[in-house]
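Working notes, structure below.
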Amino acid sequence: MNSTTKNPGLAAVLSALIPGLGQIYNGRILWAIFWFIITPGLWIGTGGTLGWICHVISAYQAYGQAQRYRY
């Protein structure tokens, strides 16, 4: 495993725990900042409904980004 190879499962789990953390793992800092700001805002602003959706989208995006780094 070289330094550019990313584990998609780990990226997804990191973003499921804290949205944006998987993006940092993937080296996508701007996307991480986006998820760090948007997700808490939607958790608070919608009473949690859109917060869950953001969690799932963030994890899915981190997984897809890591998949692209694998090849």
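Residues in the structure tokens are numbered from 1 in each chain, the chains being A, B, ... in the order shown, and ligands are numbered from 1 in the order shown.
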Legend entry - Close residues, A:Thr39 itself excluded, 6 Å, only C-alpha atoms, min 3 positions apart in chain, as a ChimeraX atom specification: /A:35,42,51,54
Save out the residues we just selected, N, CA and C atoms, as a PDB file, in the first residue's frame.
ATOM      1  N   TRP A  35     -18.376  20.063   4.868  1.00  0.00           N
ATOM      2  CA  TRP A  35     -19.175  19.161   5.698  1.00  0.00           C
ATOM      3  C   TRP A  35     -19.118  19.537   7.165  1.00  0.00           C
ATOM      4  N   LEU A  42     -27.368  21.985   9.648  1.00  0.00           N
ATOM      5  CA  LEU A  42     -28.603  21.281   9.298  1.00  0.00           C
ATOM      6  C   LEU A  42     -29.121  20.436  10.452  1.00  0.00           C
ATOM      7  N   GLY A  51     -29.682  16.481   9.106  1.00  0.00           N
ATOM      8  CA  GLY A  51     -28.381  16.105   9.645  1.00  0.00           C
ATOM      9  C   GLY A  51     -28.039  14.664   9.321  1.00  0.00           C
ATOM     10  N   CYS A  54     -27.141  14.398   5.661  1.00  0.00           N
ATOM     11  CA  CYS A  54     -25.773  14.885   5.434  1.00  0.00           C
ATOM     12  C   CYS A  54     -24.735  13.872   5.886  1.00  0.00           C
TER      13      CYS A  54
END
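Around stretch 58-67 of chain A, within 8 Å and counting only C-alpha atoms, the residues found are A:Thr5, A:Lys6, A:Asn7, A:Pro8, A:Gly9, A:Ala11, A:Ala12, A:Val13, A:Leu14, A:Ser15, A:Ala16, A:Pro19, A:Gly20, A:Gly22, A:Gln23, A:Asn26, A:Trp35, A:Cys54, A:Tyr71, once anything fewer than 4 positions away on its own chain is removed.
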Inset, instruction - Kindly give the distance, in Å, that separates atom CA of A:Tyr69 and atom CA of A:Phe36, rounded to a single decimal. - result: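 Value for the atom CA of A:Tyr69-atom CA of A:Phe36 distance: 22.0 Å.
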Legend entry - Those in chain A with helix (DSSP H, G or I) from DSSP, as a PyMOL selection string: chain A and resi 8-17+21-26+29-45+49-70
Keeping only C-alpha atoms, write those residues as an mmCIF file, in the first residue's frame.
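Result saved to selection24.cif:
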data_model
loop_
_atom_site.group_PDB
_atom_site.id
_atom_site.type_symbol
_atom_site.label_atom_id
_atom_site.label_comp_id
_atom_site.auth_asym_id
_atom_site.auth_seq_id
_atom_site.Cartn_x
_atom_site.Cartn_y
_atom_site.Cartn_z
ATOM 1 C CA PRO A 8 -12.688 3.418 1.056
ATOM 2 C CA GLY A 9 -14.179 1.647 4.067
ATOM 3 C CA LEU A 10 -12.084 3.646 6.507
ATOM 4 C CA ALA A 11 -12.935 6.902 4.722
ATOM 5 C CA ALA A 12 -16.654 6.098 4.943
ATOM 6 C CA VAL A 13 -16.480 5.162 8.637
ATOM 7 C CA LEU A 14 -14.534 8.319 9.487
ATOM 8 C CA SER A 15 -17.150 10.472 7.750
ATOM 9 C CA ALA A 16 -19.966 8.524 9.390
ATOM 10 C CA LEU A 17 -18.464 9.345 12.784
ATOM 11 C CA LEU A 21 -13.225 13.509 8.650
ATOM 12 C CA GLY A 22 -13.177 11.026 5.766
ATOM 13 C CA GLN A 23 -12.581 13.886 3.362
ATOM 14 C CA ILE A 24 -9.547 14.968 5.417
ATOM 15 C CA TYR A 25 -8.299 11.367 5.256
ATOM 16 C CA ASN A 26 -8.669 11.589 1.470
ATOM 17 C CA ILE A 29 -9.687 19.776 2.750
ATOM 18 C CA LEU A 30 -12.250 22.099 1.138
ATOM 19 C CA TRP A 31 -14.870 19.346 1.087
ATOM 20 C CA ALA A 32 -14.059 18.615 4.736
ATOM 21 C CA ILE A 33 -14.623 22.254 5.688
ATOM 22 C CA PHE A 34 -17.905 22.202 3.762
ATOM 23 C CA TRP A 35 -19.175 19.161 5.698
ATOM 24 C CA PHE A 36 -17.863 20.505 9.037
ATOM 25 C CA ILE A 37 -19.977 23.651 8.543
ATOM 26 C CA ILE A 38 -23.082 22.371 6.741
ATOM 27 C CA THR A 39 -23.844 19.249 8.769
ATOM 28 C CA PRO A 40 -24.064 20.855 12.248
ATOM 29 C CA GLY A 41 -26.098 23.702 10.765
ATOM 30 C CA LEU A 42 -28.603 21.281 9.298
ATOM 31 C CA TRP A 43 -28.685 19.178 12.476
ATOM 32 C CA ILE A 44 -29.631 22.247 14.484
ATOM 33 C CA GLY A 45 -31.756 23.977 11.848
ATOM 34 C CA THR A 49 -33.749 15.389 9.881
ATOM 35 C CA LEU A 50 -31.313 16.776 7.326
ATOM 36 C CA GLY A 51 -28.381 16.105 9.645
ATOM 37 C CA TRP A 52 -28.801 12.369 9.113
ATOM 38 C CA ILE A 53 -29.010 12.871 5.374
ATOM 39 C CA CYS A 54 -25.773 14.885 5.434
ATOM 40 C CA HIS A 55 -24.059 12.169 7.454
ATOM 41 C CA VAL A 56 -24.967 9.561 4.850
ATOM 42 C CA ILE A 57 -24.021 11.759 1.880
ATOM 43 C CA SER A 58 -20.699 12.693 3.496
ATOM 44 C CA ALA A 59 -19.813 9.028 4.118
ATOM 45 C CA TYR A 60 -20.855 8.048 0.594
ATOM 46 C CA GLN A 61 -18.798 10.872 -0.912
ATOM 47 C CA ALA A 62 -15.720 9.953 1.168
ATOM 48 C CA TYR A 63 -16.087 6.334 0.058
ATOM 49 C CA GLY A 64 -16.313 7.353 -3.607
ATOM 50 C CA GLN A 65 -13.330 9.672 -3.349
ATOM 51 C CA ALA A 66 -11.212 6.927 -1.756
ATOM 52 C CA GLN A 67 -12.299 4.505 -4.488
ATOM 53 C CA ARG A 68 -10.940 6.920 -7.099
ATOM 54 C CA TYR A 69 -7.623 7.166 -5.213
ATOM 55 C CA ARG A 70 -7.197 3.388 -5.247
#
